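> Got a structure for you, work12.cif, holding mmCIF, C-alpha atoms and all ligand atoms.
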```cif
data_model
loop_
_atom_site.label_atom_id
_atom_site.label_comp_id
_atom_site.auth_asym_id
_atom_site.auth_seq_id
_atom_site.Cartn_x
_atom_site.Cartn_y
_atom_site.Cartn_z
CA MET A 1 80.06 156.89 86.64
CA PHE A 2 79.56 159.30 89.59
CA MET A 3 79.44 163.04 89.10
CA GLU A 4 82.35 165.02 90.52
CA SER A 5 81.61 166.96 93.70
CA ASN A 6 83.84 169.22 95.74
CA SER A 7 81.61 168.93 98.78
CA GLN A 8 82.28 166.54 101.61
CA TYR A 9 79.26 164.60 102.81
CA HIS A 10 78.83 163.25 106.33
CA ILE A 11 76.37 160.85 107.86
CA ARG A 12 74.74 160.79 111.27
CA LYS A 13 71.64 159.81 113.19
CA MET A 14 68.56 161.92 112.33
CA LEU A 15 67.67 164.56 114.93
CA ALA A 16 64.42 166.37 115.63
CA GLY A 17 65.73 169.55 114.05
CA ASP A 18 66.22 167.71 110.76
CA ILE A 19 62.49 167.15 110.31
CA PRO A 20 61.74 170.15 108.02
CA GLN A 21 64.51 169.15 105.61
CA VAL A 22 63.62 165.45 105.86
CA MET A 23 60.07 166.38 104.84
CA GLU A 24 61.47 168.33 101.87
CA ILE A 25 63.50 165.30 100.79
CA ASP A 26 60.50 163.02 101.19
CA LEU A 27 58.34 165.29 99.03
CA ASP A 28 61.11 165.64 96.45
CA ALA A 29 61.73 161.88 96.25
CA PHE A 30 58.13 160.65 96.45
CA PRO A 31 56.08 163.44 94.81
CA ASP A 32 53.16 161.15 93.95
CA GLN A 33 52.85 159.47 97.31
CA TRP A 34 49.70 160.20 99.27
CA PRO A 35 49.38 160.91 102.13
CA HIS A 36 52.82 162.38 102.83
CA PRO A 37 54.32 161.88 106.26
CA THR A 38 53.80 164.96 108.44
CA SER A 39 56.22 166.48 110.91
CA ASN A 40 54.20 164.71 113.59
CA SER A 41 54.78 161.35 111.95
CA PHE A 42 58.54 161.96 111.84
CA GLN A 43 58.53 163.14 115.46
CA HIS A 44 56.67 159.97 116.35
CA GLU A 45 59.28 157.95 114.46
CA LEU A 46 62.09 159.60 116.45
CA ARG A 47 60.38 158.55 119.68
CA ASN A 48 59.68 155.03 118.39
CA LYS A 49 62.21 152.66 119.94
CA LEU A 50 61.95 150.31 116.96
CA ALA A 51 62.73 153.03 114.40
CA HIS A 52 66.23 154.21 113.45
CA TYR A 53 66.84 157.03 110.98
CA ILE A 54 70.02 158.42 109.47
CA VAL A 55 70.74 161.48 107.32
CA ILE A 56 73.49 162.61 104.95
CA TYR A 57 74.50 166.23 105.33
CA GLN A 58 76.91 168.80 103.98
CA GLU A 59 78.20 171.69 106.00
CA SER A 60 76.97 174.96 104.64
CA SER A 61 80.10 176.49 103.14
CA ALA A 62 79.90 173.68 100.64
CA ALA A 63 76.15 173.24 100.80
CA SER A 64 75.10 176.78 100.19
CA GLY A 65 73.92 176.15 96.65
CA ASP A 66 72.69 173.08 94.85
CA ASP A 67 74.86 174.03 91.94
CA GLY A 68 77.92 173.85 94.18
CA ARG A 69 79.03 177.39 93.31
CA GLY A 70 78.54 178.75 96.82
CA VAL A 71 75.62 181.03 95.94
CA ILE A 72 72.92 181.17 98.61
CA GLY A 73 69.58 180.77 96.86
CA LEU A 74 66.07 181.69 98.00
CA LYS A 75 65.39 178.02 98.78
CA GLU A 76 68.26 177.90 101.27
CA VAL A 77 67.19 181.15 102.94
CA VAL A 78 63.61 179.88 103.29
CA SER A 79 64.86 176.56 104.61
CA TYR A 80 67.08 178.35 107.14
CA ILE A 81 64.22 180.55 108.39
CA ARG A 82 61.96 177.49 108.63
CA GLN A 83 64.60 175.68 110.65
CA LEU A 84 64.90 178.62 113.06
CA PHE A 85 61.12 178.81 113.34
CA ASN A 86 60.83 175.10 114.00
CA ARG A 87 63.68 174.98 116.48
CA ASP A 88 61.55 175.00 119.61
CA ARG A 89 58.67 172.95 118.23
CA PHE A 90 60.99 170.16 117.19
CA GLY A 91 63.34 170.28 120.16
CA GLY A 92 66.27 171.92 118.44
CA ALA A 93 68.50 171.57 121.45
CA ASP A 94 69.81 168.28 120.13
CA ASN A 95 71.20 169.82 116.96
CA SER A 96 73.66 172.66 117.34
CA ASN A 97 74.18 172.94 113.59
CA TYR A 98 70.89 174.60 112.59
CA GLY A 99 71.23 176.41 109.31
CA ARG A 100 74.75 175.15 108.82
CA GLU A 101 73.87 171.72 107.52
CA ARG A 102 72.13 170.95 104.29
CA LEU A 103 70.64 167.45 104.20
CA ALA A 104 71.08 165.51 100.96
CA GLY A 105 69.43 162.22 101.85
CA MET A 106 67.81 160.15 104.56
CA ALA A 107 66.93 156.56 105.34
CA GLY A 108 65.12 154.70 108.08
CA ILE A 109 64.53 151.17 109.33
CA TRP A 110 62.22 149.48 111.73
CA MET A 111 63.68 146.65 113.78
CA MET A 112 61.18 143.82 113.92
CA PHE A 113 62.53 140.76 115.76
CA ASP A 114 65.54 139.63 113.76
CA GLU A 115 64.63 141.71 110.70
CA ALA A 116 65.55 145.29 109.80
CA HIS A 117 62.85 146.64 107.49
CA ILE A 118 63.78 149.64 105.36
CA VAL A 119 60.87 152.07 105.62
CA THR A 120 62.40 154.83 103.56
CA ILE A 121 65.54 155.72 101.65
CA ALA A 122 65.82 158.85 99.53
CA VAL A 123 68.28 161.31 98.05
CA ARG A 124 67.38 164.82 96.87
CA LYS A 125 66.93 164.91 93.09
CA THR A 126 69.75 167.45 92.84
CA HIS A 127 72.13 165.05 94.63
CA LYS A 128 71.39 161.82 92.78
CA HIS A 129 74.05 159.77 90.96
CA GLN A 130 76.86 160.67 93.35
CA GLY A 131 76.83 157.41 95.27
CA LEU A 132 74.76 158.83 98.14
CA GLY A 133 71.89 156.35 97.87
CA GLU A 134 74.44 153.57 97.99
CA TRP A 135 76.16 155.18 100.98
CA LEU A 136 72.83 155.35 102.82
CA LEU A 137 72.17 151.68 102.08
CA LEU A 138 75.68 150.65 103.19
CA ASN A 139 75.21 152.44 106.48
CA ILE A 140 71.71 151.07 106.94
CA ILE A 141 73.06 147.54 106.49
CA ASP A 142 75.89 148.24 108.96
CA LEU A 143 73.41 149.72 111.42
CA SER A 144 71.14 146.69 111.01
CA MET A 145 74.03 144.36 111.82
CA GLN A 146 74.91 146.51 114.84
CA LEU A 147 71.29 146.12 116.01
CA ARG A 148 71.68 142.35 115.55
CA ALA A 149 69.34 142.00 112.58
CA LYS A 150 69.65 138.74 110.69
CA TYR A 151 68.13 140.08 107.48
CA VAL A 152 67.27 143.40 105.84
CA THR A 153 63.96 143.55 103.96
CA LEU A 154 61.91 146.15 102.11
CA GLU A 155 59.09 146.81 99.67
CA VAL A 156 59.69 148.67 96.43
CA ARG A 157 57.39 149.73 93.59
CA VAL A 158 57.46 147.37 90.61
CA SER A 159 58.21 150.42 88.43
CA ASN A 160 61.13 151.63 90.57
CA THR A 161 63.91 149.96 88.63
CA ALA A 162 66.62 152.38 89.85
CA ALA A 163 66.04 151.44 93.50
CA GLN A 164 65.75 147.74 92.59
CA ALA A 165 69.14 147.91 90.84
CA LEU A 166 70.67 149.43 93.97
CA TYR A 167 69.17 146.71 96.19
CA GLU A 168 70.25 143.94 93.82
CA LYS A 169 73.78 145.30 93.86
CA TYR A 170 73.67 144.76 97.64
CA GLY A 171 72.44 141.19 97.37
CA PHE A 172 68.73 141.72 97.89
CA SER A 173 66.61 139.22 96.02
CA ARG A 174 62.90 139.08 95.25
CA ALA A 175 60.89 137.26 97.90
CA GLY A 176 57.37 137.93 96.61
CA THR A 177 54.85 140.58 95.62
CA ARG A 178 52.26 142.58 97.54
CA LYS A 179 49.38 143.21 95.18
CA LYS A 180 48.09 146.81 94.93
CA TYR A 181 50.29 147.78 97.88
CA TYR A 182 50.53 151.50 97.00
CA SER A 183 47.26 153.30 97.60
CA ASP A 184 48.04 156.30 95.33
CA ASN A 185 47.97 154.30 92.08
CA GLY A 186 47.30 150.71 93.15
CA GLU A 187 50.80 149.63 92.08
CA ASP A 188 52.21 146.30 93.27
CA ALA A 189 55.21 146.14 95.60
CA VAL A 190 58.12 143.78 95.16
CA ILE A 191 59.30 142.35 98.49
CA MET A 192 63.09 142.12 98.59
CA THR A 193 65.36 140.58 101.21
CA THR A 194 69.00 139.91 101.88
CA CYS A 195 70.32 136.50 102.79
CA GLU A 196 71.55 136.07 106.38
CA LEU A 197 73.78 139.07 106.95
CA ASP A 198 76.43 137.17 108.87
CA LEU A 199 77.10 134.62 106.14
CA PRO A 200 80.80 134.86 105.24
CA SER A 201 79.92 135.13 101.54
CA TYR A 202 77.68 138.15 102.25
CA GLN A 203 80.27 139.78 104.51
CA ASP A 204 82.88 139.36 101.74
CA ARG A 205 80.53 140.90 99.19
CA LEU A 206 79.76 143.81 101.52
CA GLN A 207 83.45 144.42 102.17
CA ARG A 208 84.19 144.51 98.43
CA LEU A 209 81.28 146.89 97.82
CA LYS A 210 82.43 149.18 100.65
CA GLU A 211 85.95 149.33 99.26
CA ASP A 212 84.66 150.00 95.76
CA HIS A 213 82.31 152.73 97.02
CA HIS A 214 85.07 154.29 99.11
CA SER A 215 87.44 154.43 96.16
CA ARG A 216 84.82 155.98 93.84
CA CYS A 217 83.20 158.38 96.31
CA SER A 218 85.89 160.42 98.01
CA HIS A 219 83.21 163.06 98.65
CA CYS A 220 81.65 160.69 101.21
CA CYS A 221 83.45 161.10 104.53
CA ALA A 222 85.33 157.91 105.38
CA VAL A 223 84.55 158.11 109.08
CA HIS A 224 82.25 155.30 110.00
CA LEU A 225 78.67 156.12 110.93
CA MET A 226 78.67 153.94 114.01
CA LYS A 227 81.23 156.20 115.69
CA PHE A 228 78.47 158.80 115.89
CA MET A 229 75.65 156.52 116.91
CA GLU A 230 74.86 155.50 120.45
CA TYR A 231 73.08 152.22 120.14
C1 LIG B 301 67.02 155.04 94.71
C2 LIG B 301 67.90 156.23 95.09
C3 LIG B 301 67.96 156.32 96.64
C4 LIG B 301 69.33 156.00 94.54
O1 LIG B 301 70.13 157.08 94.98
P1 LIG B 301 71.37 157.66 94.14
O2 LIG B 301 72.18 158.44 95.11
O3 LIG B 301 70.93 158.36 92.94
O4 LIG B 301 72.11 156.31 93.70
P2 LIG B 301 73.68 156.03 93.65
O5 LIG B 301 74.35 157.11 92.89
O6 LIG B 301 74.16 155.75 95.03
O7 LIG B 301 73.73 154.69 92.78
C5 LIG B 301 73.98 153.44 93.39
C6 LIG B 301 73.41 152.32 92.56
O8 LIG B 301 71.99 152.46 92.43
C7 LIG B 301 71.57 152.01 91.12
N1 LIG B 301 70.99 153.13 90.41
C8 LIG B 301 70.87 154.41 90.84
N2 LIG B 301 70.21 155.17 89.93
C9 LIG B 301 69.90 154.34 88.90
C10 LIG B 301 69.19 154.51 87.68
N3 LIG B 301 68.68 155.69 87.33
N4 LIG B 301 69.03 153.43 86.89
C11 LIG B 301 69.51 152.22 87.22
N5 LIG B 301 70.21 152.00 88.37
C12 LIG B 301 70.39 153.04 89.21
C13 LIG B 301 72.82 151.47 90.44
O9 LIG B 301 72.92 150.12 90.80
C14 LIG B 301 73.94 152.27 91.14
O10 LIG B 301 75.16 151.56 91.16
P3 LIG B 301 76.25 151.82 89.98
O11 LIG B 301 76.65 153.27 90.11
O12 LIG B 301 77.35 150.88 90.31
O13 LIG B 301 75.54 151.53 88.68
C15 LIG B 301 67.38 157.57 94.48
O14 LIG B 301 67.18 157.37 93.10
C16 LIG B 301 66.09 158.10 95.09
O15 LIG B 301 66.12 158.81 96.11
N6 LIG B 301 64.94 157.76 94.47
C17 LIG B 301 63.64 158.27 94.93
C18 LIG B 301 63.24 157.60 96.23
C19 LIG B 301 63.13 156.10 96.06
O16 LIG B 301 62.65 155.60 95.06
N7 LIG B 301 63.56 155.35 97.13
C20 LIG B 301 63.46 153.92 97.16
C21 LIG B 301 62.15 153.51 97.73
S1 LIG B 301 62.00 151.74 97.88
#
```
Can the structure from this file be put into structure tokens for me?
Ligand SMILES: CC(C)(COP(=O)(O)OP(=O)(O)OC[C@H]1O[C@@H](n2cnc3c(N)ncnc32)[C@H](O)[C@@H]1OP(=O)(O)O)[C@@H](O)C(=O)NCCC(=O)NCCS


Amino acid sequence: MFMESNSQYHIRKMLAGDIPQVMEIDLDAFPDQWPHPTSNSFQHELRNKLAHYIVIYQESSAASGDDGRGVIGLKEVVSYIRQLFNRDRFGGADNSNYGRERLAGMAGIWMMFDEAHIVTIAVRKTHKHQGLGEWLLLNIIDLSMQLRAKYVTLEVRVSNTAAQALYEKYGFSRAGTRKKYYSDNGEDAVIMTTCELDLPSYQDRLQRLKEDHHSRCSHCCAVHLMKFMEY
């Protein structure tokens, strides 16, 4: 059951000005990972023609406090100042909404031949269990189809049962294991993959999941991501 939220979430392509908040989300979602991606690595990703990143955001009247009561906390003020500071360094001209958007989640893929490989997907801890992770995945799958991927694949920690449940819901199955894949603790990775995305049975499943998500998550804006993307 999803938590109630009065805030409307939107989704769009990640922009350079998002990097400070994307780094916050990354640190929040993967606290034990080492090394953490730097702002340079995200900037590099934005220039990488094979990489495609999306973010979920709330506009600030709703996003001003994690508790949803409209109180601006120290964290938000610090984040706002950091965004202003980073505006020039990260090429803020492509994002006119500095300080007015609070990011709640992000995801990215690399397109490799006919395969879209999910490199990251994460929701802020304070925004979990509202259907946002699922919304990111839905949009990543749609984006992958738009980019003519045949399959979507990923690696996930053996211990990460929450993420595995999400992927299984979307028809990913286990394709193998990469031993000691994660350098921080030597944990194995499970390789997961969809079937061919254009199979009618998969398209039917996806359509049903979209309708179900839409009916449960009215806080996720119904406007389709691809309207905002220029691929
Ligand atoms: C994985 C993650 C993105 C899910 O995001 P979320 O917004 O909390 O998930 P949602 O509310 O959209 O839940 C969607 C589905 O995910 C699964 N799920 C999410 N949290 C779960 C949990 N704690 N236990 C079991 N299943 C869970 C369920 O299948 C759920 O569907 P349901 O509501 O029909 O049961 C989020 O937990 C996260 O950011 N984790 C840290 C980063 C991470 O591990 N990323 C994956 C790297 S491979």

> Enumerate residues in contact with ligand LIG 301 (chain B): an atom-to-atom distance of at most 9 Å, counting only C-alpha atoms and all ligand atoms. Format the result as a ChimeraX atom specification.

/A:1-3,25-26,28-30,105-107,118-125,127-137,154-157,160-170,213

> Which residue is closest to Gly108 (chain A)? Choose from A:Ile56, A:Cys217, A:Pro35, A:Arg148 and count all atoms listed in the file.

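The shortest atom-to-atom distance to Gly108 (chain A) comes from A:Ile56.
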
> Can you work out the spacing between CA of Pro20 (chain A) and CA of Ser39 (chain A) in Å, to one decimal?

7.2 Å

> A:Gln146, A:Thr194, A:Gln203, A:Gln58: which is nearest His219 (chain A), counting all atoms listed in the file?

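Closest to His219 (chain A) of all the choices is A:Gln58.
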
> May I ask which of the residues A:Ala16, A:Thr193, A:Ser201, A:Pro37 is the closest one to Lys150 (chain A), counting only C-alpha atoms?

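Once distances to Lys150 (chain A) are computed over only C-alpha atoms, the minimum belongs to A:Thr193.
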
> From (59.3, 144.3, 99.2), in the file's coordinates, out to 8 Å: which residues are reached, counting only C-alpha atoms? Answer as a PyMOL selection string.

chain A and resi 153-156+174-178+189-193

> Tell me, as a compact mmCIF listing (two decimals) with C-alpha atoms, in the frame of the given file, which residues lie within 8 Å of Tyr57 (chain A), counting only C-alpha atoms; anything in the same chain fewer than 4 positions away does not count.


```txt
# COMPACT_ATOMS: atom_id res chain seq x y z
CA TYR A 9 79.26 164.60 102.81
CA HIS A 10 78.83 163.25 106.33
CA ILE A 11 76.37 160.85 107.86
CA GLU A 101 73.87 171.72 107.52
CA ARG A 102 72.13 170.95 104.29
CA LEU A 103 70.64 167.45 104.20
CA ALA A 104 71.08 165.51 100.96
CA GLY A 105 69.43 162.22 101.85
```

> I want to know what sits within 12 Å of Asp184 (chain A), based on only C-alpha atoms, with residues of the same chain fewer than 4 positions away left out; could you give that as a list in words?

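The neighbour list is Phe30, Pro31, Asp32, Gln33, Trp34, Pro35, His36, Arg157, Lys180 and Asp188 of chain A.
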
> With distances taken over only C-alpha atoms, which of A:Ser218, A:Ser41, A:Gln8, A:Asn185 is nearest to Val22 (chain A)?

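Looking only at the distances to Val22 (chain A), the closest residue turns out to be A:Ser41.
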
> Pick the closest to His52 (chain A) from A:Ala149, A:Phe113, A:Leu143, A:Gly17: which is it, counting all atoms listed in the file?

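So, comparing all the options, the nearest one is A:Leu143.
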
> Could you jot down the CA of Ala51 (chain A) to CA of Leu138 (chain A) separation for me, Å, one decimal place?

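These two atoms are separated by 17.3 Å.
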